[in-house]
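Colleague: I'd like to ask some things about the structure below.
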Number of protein chains: 2
Amino acid sequence: MKRRPPVSIKTVAERAGVSPATVSNVLNAKPSVAPELIERVRSVVAELGYVTDSNASRLRSGKHSLAGVVVPDLSNPMFGTFVSTLETLAREDGFDLLVVSAANDVEQEKERLHAIRSWRPAGLIVIPCDGALSHRTPSSMHMPIVVVDRLPDEPDFDLIAVNNAQSAAAISAHLSEQGYRSCTVAGSMLSISNIRERWEGAASAAGGMALSMLEVGLETKGIRQRLHEMLTQRRPEALFALDHITALIAYQTMTDLGLSAPGDLAFACFDEAEWMRLVRPAITTVRQPIEEMATAAWQQLSRRMGGNADPVRTLRLACSVEVRGSTLREGGRSSTAA
Amino acid sequence: MKRRPPVSIKTVAERAGVSPATVSNVLNAKPSVAPELIERVRSVVAELGYVTDSNASRLRSGKHSLAGVVVPDLSNPMFGTFVSTLETLAREDGFDLLVVSAANDVEQEKERLHAIRSWRPAGLIVIPCDGALSHRTPSSMHMPIVVVDRLPDEPDFDLIAVNNAQSAAAISAHLSEQGYRSCTVAGSMLSISNIRERWEGAASAAGGMALSMLEVGLETKGIRQRLHEMLTQRRPEALFALDHITALIAYQTMTDLGLSAPGDLAFACFDEAEWMRLVRPAITTVRQPIEEMATAAWQQLSRRMGGNADPVRTLRLACSVEVRGSTLREGGRSSTAA
DNA sequence: AGCTTTTCATAAAACGTTTTACGGGAGGCT
DNA sequence: AGCCTCCCGTAAAACGTTTTATGAAAAGCT
């Protein structure tokens, strides 16, 4: 909190007895600067604690080493991990990463998506709040965009997602094999494509097991109520939750009702979280490969930013299905990839 | 992916038949522009999808509506929630927020801290990786900085933290009251001030209960090994884990050894996570008020950015102590604030 | 020695905005 | 009618950098 006068490249130049251009050349490691001058400039830079102003720098150079990532909600560890991984990858490639979260709100997402353009990023990675992304991205957004996880209604973008149907089918088949005769599949809403794919996948592999779908909605209160009603009035032999929030509330409700898996009913879910390995019995889950998704998204965006103009492409990654105690008739434990 | 020629304020100006200055005035809602022109400019802006270039804008106007936040690791939901809360607050005050994570690495933290200066933010909120922050912030960093959670070695900064000692004392007193005669307190390292404060707090309120400190380090492997040894060879009547990672591994190790709380030993910990309410019995925890910390940090930074020059100030927030089944001799349940 | 090439530092222009300072015209006043 | 304001739009300067073009000195060649 001492000196006020801002130190610019001119200050450094004067102090080192050279021109601003030379300072710039030193800082950007341009060739053909005499070693002696390099040394002199460097030491003045260090002494003054000078740091280049990115605003001016980017303005003049039109640099494109900036990418943006938009996620629905940073307090969700899944998205936090995603961003974290991306940040490392971007940094390795010399890119800065602009992180914004949409607070799970479609309106805010739209606003952020618009606002982020003012930074002139070279590309965007977006995990949309829902499937209606294209309604929110003015076509004037002239930059590569990679969409992750949630399927957009219209396939205008590169997409990185997981094989929802196959993974759900694997769980369904497993439950059927274990001899459960009836299963309720619970998820927020079938209008969300991820959920729909999972339900359809589960339905396709139920074998002799009777399957019924329960849409619980998005609000805690409603979810809790519907699950409570289902568990008390028409309890199936197995319960398969299709998303994290539904899984969480389902597990709470079961515990509150004194029901435990797999004795009272089997329990499996999508979206593995830490606690699912910790509770006893541990819970059978489908684990999404977050780091892989981030890596794939970055690679695809890199290609696009590099000028690649192939047709838009959808990549489906495999989830791992972790079979644990909550669905096993007897003891034992196994793990397979689907 | 159609037209390339970048649209600047000049393009808009020409197309609307006015000067660039007028466009700027319209976009920044300056007074004294004829209503008719406002309308005309607005419609051209919409038509062309023009968005102001922040680089040029900030460069010229020297705007100070940008703040930075540096956290150790975004994949930790605690920090994710922190950032998420901050983002909302900043946005409300018309600030943009630059988010960077240090990947839990002191070197990277140092680098990010340096790099972030190039954006010329008006202020910084930092959750340091450890206590040696001041060694990493060149005094030339002429901007307000608010440090959160981890105590810096030297009190050069505003600080928002929690009452570690009192909260730990509350747990300690509770365990003692419940009649446990011995308790092991496990935490990463006493050289981290948070851990030290917690240990000292616990020690101050143990009453007749015998307390011993176990430093487990920072690496999963070592933590697991030390806890395993302690639990098998000199198991106390109670275990109090002082940080999240220790708590997690302790719980895993207990489960693996077939020990359950509170029957085999009581279990309590710092840093509440979701699963601690879900397992049975639920775990007694100290919950840090993340949102409040974020709010307090933003308020303090706002004051500083507004020019406030009071002496640096330390704010201690209260944690809530959630007493649950894992430490209760009998049944029952209660919750008190410390 | 005279010429060409190479090396290396600089002056000046440019990037896209915002701001400052100016000026033209309409209206009000005596 | 002459003068003074006020209103509103613009030209031009400025922000801190990078880049391009220029030129002076040093080095290489015959």
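All residue names refer to the structure tokens as shown: chains lettered A, B, ... in order, residues numbered from 1 in each chain, ligands numbered from 1 in order.
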Would you tabulate, counting only C-alpha atoms (C1' of nucleotides), all residues of chain C that have an atom at most 6 Å from an atom of chain B, showing the closest pair of atoms and their distance in Å to one decimal, sorted by chain then ascending number, as CSV?

Modeller:
```
residue,atom,partner,partner_atom,distance
C:DG16,C1',B:Ala56,CA,5.1
C:DT17,C1',B:Ser57,CA,4.8
C:DT18,C1',B:Ser61,CA,5.7
```

Colleague: If you keep N, CA and C atoms (P, O5', C5', C4', C3', O3' and C1' of nucleotides), can you produce a file of those selected residues as a compact mmCIF listing (two decimals), in the first residue's frame?

Modeller:
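Once everything was written out, this is out-v9.txt:
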```txt
# COMPACT_ATOMS: atom_id res chain seq x y z
P DG C 16 -9.77 -3.58 -33.97
O5' DG C 16 -10.55 -3.03 -32.70
C5' DG C 16 -10.73 -3.89 -31.60
C4' DG C 16 -11.36 -3.12 -30.46
C3' DG C 16 -12.67 -2.42 -30.83
O3' DG C 16 -13.57 -2.60 -29.76
C1' DG C 16 -11.12 -0.85 -29.97
P DT C 17 -15.05 -2.17 -29.78
O5' DT C 17 -15.15 -1.56 -28.33
C5' DT C 17 -15.33 -0.43 -27.95
C4' DT C 17 -14.44 0.09 -26.84
C3' DT C 17 -15.07 1.29 -26.20
O3' DT C 17 -15.69 0.87 -25.01
C1' DT C 17 -12.77 1.69 -26.76
P DT C 18 -16.77 1.84 -24.36
O5' DT C 18 -15.87 3.04 -23.82
C5' DT C 18 -15.05 2.82 -22.69
C4' DT C 18 -14.35 4.11 -22.32
C3' DT C 18 -15.26 5.23 -21.84
O3' DT C 18 -14.59 5.82 -20.74
C1' DT C 18 -13.96 5.99 -23.65
```

Colleague: Compute the chain D side of the contact with chain B at 9 Å, counting only C-alpha atoms (C1' of nucleotides), and hand it back as a list in words.

Modeller: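 Therefore, the residues near the partner are DC7, DC8, DG9, DT10, DA14, DC15 and DG16 of chain D.
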
Colleague: Would you export the selected residues with N, CA and C atoms (P, O5', C5', C4', C3', O3' and C1' of nucleotides) as a short mmCIF file (atom, residue, chain, number, x, y, z; two decimals), in the first residue's frame, please?

Modeller:
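Produced file part15.cif, reproduced below:
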```
data_model
loop_
_atom_site.label_atom_id
_atom_site.label_comp_id
_atom_site.auth_asym_id
_atom_site.auth_seq_id
_atom_site.Cartn_x
_atom_site.Cartn_y
_atom_site.Cartn_z
P DC D 7 -30.08 21.84 -21.11
"O5'" DC D 7 -30.11 21.14 -22.54
"C5'" DC D 7 -31.04 21.63 -23.52
"C4'" DC D 7 -30.73 20.95 -24.85
"C3'" DC D 7 -30.32 19.48 -24.75
"O3'" DC D 7 -31.07 18.76 -25.70
"C1'" DC D 7 -28.73 20.69 -26.02
P DC D 8 -31.06 17.15 -25.69
"O5'" DC D 8 -29.95 16.81 -26.77
"C5'" DC D 8 -30.20 17.19 -28.13
"C4'" DC D 8 -28.93 16.96 -28.91
"C3'" DC D 8 -28.34 15.55 -28.81
"O3'" DC D 8 -28.06 15.12 -30.11
"C1'" DC D 8 -26.69 17.15 -28.47
P DG D 9 -28.15 13.59 -30.48
"O5'" DG D 9 -26.89 13.41 -31.44
"C5'" DG D 9 -26.78 14.25 -32.59
"C4'" DG D 9 -25.33 14.55 -32.85
"C3'" DG D 9 -24.43 13.32 -32.93
"O3'" DG D 9 -23.99 13.16 -34.28
"C1'" DG D 9 -23.44 15.09 -31.64
P DT D 10 -22.92 12.02 -34.65
"O5'" DT D 10 -21.56 12.81 -34.48
"C5'" DT D 10 -21.37 14.00 -35.23
"C4'" DT D 10 -19.98 14.52 -35.02
"C3'" DT D 10 -18.87 13.49 -35.24
"O3'" DT D 10 -17.86 14.12 -36.02
"C1'" DT D 10 -18.62 14.49 -33.13
P DA D 14 -3.30 13.45 -25.86
"O5'" DA D 14 -3.63 12.17 -24.98
"C5'" DA D 14 -4.72 12.20 -24.05
"C4'" DA D 14 -5.15 10.79 -23.77
"C3'" DA D 14 -4.00 9.80 -23.56
"O3'" DA D 14 -3.96 9.42 -22.20
"C1'" DA D 14 -5.75 8.89 -24.91
P DC D 15 -2.62 8.72 -21.61
"O5'" DC D 15 -3.11 7.26 -21.17
"C5'" DC D 15 -4.37 7.03 -20.56
"C4'" DC D 15 -4.75 5.60 -20.79
"C3'" DC D 15 -3.56 4.66 -20.92
"O3'" DC D 15 -3.29 4.08 -19.64
"C1'" DC D 15 -5.27 4.20 -22.55
P DG D 16 -1.78 3.93 -19.15
"O5'" DG D 16 -1.30 2.59 -19.85
"C5'" DG D 16 -1.92 1.38 -19.47
"C4'" DG D 16 -1.44 0.27 -20.36
"C3'" DG D 16 0.08 0.11 -20.39
"O3'" DG D 16 0.37 -1.27 -20.32
"C1'" DG D 16 -0.74 0.40 -22.58
#
```

Colleague: In Å, rounded to a single decimal, give me how far CA of Arg150 in chain B is from CA of Cys129 in chain B.

Modeller: 7.7 Å

Colleague: Considering only C-alpha atoms, extract the chain B residues located within 6 Å of chain A and return them as a PyMOL selection string.

Modeller: chain B and resi 1+49+51-55+59+74-75+77+80-81+84+118-119+140+142+275+279

Colleague: For N, CA and C atoms, I'd like the residues from the last selection saved as a PDB file, in the first residue's frame.

Modeller:
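Below is the file that was written, out-v9.pdb:
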```pdb
ATOM      1  N   MET B   1     -20.735 -19.843 -37.705  1.00  0.00           N
ATOM      2  CA  MET B   1     -19.490 -20.054 -38.445  1.00  0.00           C
ATOM      3  C   MET B   1     -19.570 -19.409 -39.827  1.00  0.00           C
ATOM      4  N   GLY B  49     -25.397  -8.185 -33.399  1.00  0.00           N
ATOM      5  CA  GLY B  49     -24.917  -8.983 -32.283  1.00  0.00           C
ATOM      6  C   GLY B  49     -23.611  -8.445 -31.726  1.00  0.00           C
ATOM      7  N   VAL B  51     -20.936  -6.939 -29.290  1.00  0.00           N
ATOM      8  CA  VAL B  51     -20.622  -6.922 -27.854  1.00  0.00           C
ATOM      9  C   VAL B  51     -19.323  -6.153 -27.655  1.00  0.00           C
ATOM     10  N   THR B  52     -19.358  -5.228 -26.731  1.00  0.00           N
ATOM     11  CA  THR B  52     -18.172  -4.411 -26.444  1.00  0.00           C
ATOM     12  C   THR B  52     -16.968  -5.288 -26.096  1.00  0.00           C
ATOM     13  N   ASP B  53     -15.813  -4.900 -26.577  1.00  0.00           N
ATOM     14  CA  ASP B  53     -14.583  -5.617 -26.262  1.00  0.00           C
ATOM     15  C   ASP B  53     -14.061  -5.167 -24.896  1.00  0.00           C
ATOM     16  N   SER B  54     -14.086  -6.088 -23.920  1.00  0.00           N
ATOM     17  CA  SER B  54     -13.671  -5.688 -22.568  1.00  0.00           C
ATOM     18  C   SER B  54     -12.242  -5.198 -22.527  1.00  0.00           C
ATOM     19  N   ASN B  55     -11.403  -5.780 -23.344  1.00  0.00           N
ATOM     20  CA  ASN B  55     -10.004  -5.378 -23.303  1.00  0.00           C
ATOM     21  C   ASN B  55      -9.858  -3.900 -23.609  1.00  0.00           C
ATOM     22  N   LEU B  59      -9.131  -0.994 -20.868  1.00  0.00           N
ATOM     23  CA  LEU B  59      -7.879  -0.270 -21.093  1.00  0.00           C
ATOM     24  C   LEU B  59      -8.124   1.231 -21.060  1.00  0.00           C
ATOM     25  N   LEU B  74     -10.613 -26.522  -6.774  1.00  0.00           N
ATOM     26  CA  LEU B  74     -12.042 -26.400  -7.069  1.00  0.00           C
ATOM     27  C   LEU B  74     -12.806 -27.705  -6.921  1.00  0.00           C
ATOM     28  N   SER B  75     -12.084 -28.829  -6.906  1.00  0.00           N
ATOM     29  CA  SER B  75     -12.824 -30.090  -6.817  1.00  0.00           C
ATOM     30  C   SER B  75     -13.279 -30.352  -5.382  1.00  0.00           C
ATOM     31  N   PRO B  77     -15.713 -29.505  -2.690  1.00  0.00           N
ATOM     32  CA  PRO B  77     -17.008 -28.846  -2.740  1.00  0.00           C
ATOM     33  C   PRO B  77     -17.094 -27.635  -1.817  1.00  0.00           C
ATOM     34  N   GLY B  80     -15.780 -24.931  -3.862  1.00  0.00           N
ATOM     35  CA  GLY B  80     -16.721 -24.682  -4.950  1.00  0.00           C
ATOM     36  C   GLY B  80     -17.883 -23.834  -4.472  1.00  0.00           C
ATOM     37  N   THR B  81     -18.423 -24.195  -3.325  1.00  0.00           N
ATOM     38  CA  THR B  81     -19.523 -23.433  -2.752  1.00  0.00           C
ATOM     39  C   THR B  81     -19.086 -22.014  -2.443  1.00  0.00           C
ATOM     40  N   SER B  84     -18.857 -20.101  -5.648  1.00  0.00           N
ATOM     41  CA  SER B  84     -20.200 -19.922  -6.169  1.00  0.00           C
ATOM     42  C   SER B  84     -20.905 -18.767  -5.467  1.00  0.00           C
ATOM     43  N   SER B 118      -1.954  -9.367 -14.020  1.00  0.00           N
ATOM     44  CA  SER B 118      -1.985  -8.812 -15.365  1.00  0.00           C
ATOM     45  C   SER B 118      -3.400  -8.388 -15.766  1.00  0.00           C
ATOM     46  N   TRP B 119      -4.385  -8.883 -15.038  1.00  0.00           N
ATOM     47  CA  TRP B 119      -5.760  -8.474 -15.343  1.00  0.00           C
ATOM     48  C   TRP B 119      -6.130  -7.194 -14.627  1.00  0.00           C
ATOM     49  N   SER B 140       4.762  -5.601  -3.944  1.00  0.00           N
ATOM     50  CA  SER B 140       4.400  -4.716  -5.044  1.00  0.00           C
ATOM     51  C   SER B 140       2.977  -4.969  -5.515  1.00  0.00           C
ATOM     52  N   HIS B 142      -0.024  -4.063  -5.325  1.00  0.00           N
ATOM     53  CA  HIS B 142      -0.734  -2.925  -4.746  1.00  0.00           C
ATOM     54  C   HIS B 142      -2.235  -3.034  -4.886  1.00  0.00           C
ATOM     55  N   TRP B 275     -22.209 -36.660   3.214  1.00  0.00           N
ATOM     56  CA  TRP B 275     -22.363 -38.056   3.619  1.00  0.00           C
ATOM     57  C   TRP B 275     -22.389 -38.234   5.131  1.00  0.00           C
ATOM     58  N   VAL B 279     -24.804 -41.416   6.637  1.00  0.00           N
ATOM     59  CA  VAL B 279     -24.425 -42.714   7.197  1.00  0.00           C
ATOM     60  C   VAL B 279     -25.153 -42.918   8.521  1.00  0.00           C
TER      61      VAL B 279
END
```

Colleague: Would you give me, as a PyMOL selection string, the residues in range 74-174 of chain B that DSSP reads as alpha helix (DSSP H)?

Modeller: chain B and resi 77-92+106-115+164-174

Colleague: So, with only C-alpha atoms as the atoms that count, which of B:Leu218, B:Ala238, B:Ala210, B:Ile127 lies closest to Pro152 in chain B?

Modeller: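 Counting only C-alpha atoms, the residue closest to Pro152 in chain B is B:Ile127.
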
Colleague: Which residues, written as a PyMOL selection string, have at least one atom at most 12 Å from Ala247 in chain B, with only C-alpha atoms (C1' of nucleotides) counted and residues fewer than 4 positions away on the same chain left out?

Modeller: (chain A and resi 278) or (chain B and resi 185-188+216+220+223-224+227+239-243+251-254+267-273+275-276+283-286)

Colleague: Would you save the residues from that selection as a PDB file, in the first residue's frame, using C-alpha atoms?

Modeller:
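Result file part_35.pdb:
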```
ATOM      1  CA  LEU A 278     -18.650 -45.181   2.549  1.00  0.00           C
TER       2      LEU A 278
ATOM      3  CA  VAL B 185      -7.173 -36.205  18.079  1.00  0.00           C
ATOM      4  CA  ALA B 186      -5.980 -36.749  14.511  1.00  0.00           C
ATOM      5  CA  GLY B 187      -5.045 -34.045  12.035  1.00  0.00           C
ATOM      6  CA  SER B 188      -2.728 -33.469   9.134  1.00  0.00           C
ATOM      7  CA  VAL B 216      -0.995 -38.049  10.108  1.00  0.00           C
ATOM      8  CA  THR B 220      -3.389 -40.627   1.679  1.00  0.00           C
ATOM      9  CA  ILE B 223      -2.651 -41.124   6.737  1.00  0.00           C
ATOM     10  CA  ARG B 224      -4.210 -44.504   6.217  1.00  0.00           C
ATOM     11  CA  LEU B 227      -4.703 -44.386  11.486  1.00  0.00           C
ATOM     12  CA  LEU B 239     -11.597 -40.299  17.805  1.00  0.00           C
ATOM     13  CA  PHE B 240     -11.733 -36.673  16.757  1.00  0.00           C
ATOM     14  CA  ALA B 241     -10.554 -35.902  13.201  1.00  0.00           C
ATOM     15  CA  LEU B 242      -9.507 -32.314  12.648  1.00  0.00           C
ATOM     16  CA  ASP B 243      -9.864 -32.017   8.901  1.00  0.00           C
ATOM     17  CA  TYR B 251     -14.105 -43.419   8.638  1.00  0.00           C
ATOM     18  CA  GLN B 252     -13.015 -45.720   5.826  1.00  0.00           C
ATOM     19  CA  THR B 253     -10.421 -47.363   8.013  1.00  0.00           C
ATOM     20  CA  MET B 254     -12.891 -47.878  10.835  1.00  0.00           C
ATOM     21  CA  PHE B 267     -16.237 -40.498  16.182  1.00  0.00           C
ATOM     22  CA  ALA B 268     -16.424 -36.785  15.492  1.00  0.00           C
ATOM     23  CA  CYS B 269     -14.778 -34.472  13.011  1.00  0.00           C
ATOM     24  CA  PHE B 270     -14.279 -31.026  11.573  1.00  0.00           C
ATOM     25  CA  ASP B 271     -15.558 -30.005   8.102  1.00  0.00           C
ATOM     26  CA  GLU B 272     -19.003 -31.372   7.541  1.00  0.00           C
ATOM     27  CA  ALA B 273     -19.772 -33.106   4.285  1.00  0.00           C
ATOM     28  CA  TRP B 275     -22.363 -38.056   3.619  1.00  0.00           C
ATOM     29  CA  MET B 276     -21.838 -37.445   7.315  1.00  0.00           C
ATOM     30  CA  ILE B 283     -21.554 -38.303  12.417  1.00  0.00           C
ATOM     31  CA  THR B 284     -21.050 -35.529  14.913  1.00  0.00           C
ATOM     32  CA  THR B 285     -19.352 -32.667  13.081  1.00  0.00           C
ATOM     33  CA  VAL B 286     -18.261 -29.075  13.170  1.00  0.00           C
TER      34      VAL B 286
END
```

Colleague: To one decimal place in Å, what is the distance between C1' of DG24 in chain C and CA of Arg15 in chain B?

Modeller: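 Going from C1' of DG24 in chain C over to CA of Arg15 in chain B, I get 23.4 Å.
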
Colleague: Ranking D:DT19, D:DA13, D:DA25, D:DG2 by minimum distance to DC15 in chain C and counting only C-alpha atoms (C1' of nucleotides), which one comes first?

Modeller: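 For DC15 in chain C, the nearest of the given residues is D:DT19.
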
Colleague: Based on DSSP run over this structure's backbone, return all residues of range 88-321 of chain B in strand (DSSP E or B), as a VMD selection string.

Modeller: chain B and resid 96 to 101 123 to 126 145 to 148 158 to 162 182 to 187 210 to 215 238 to 241 266 to 270 284 to 287 314 to 317 320 to 321
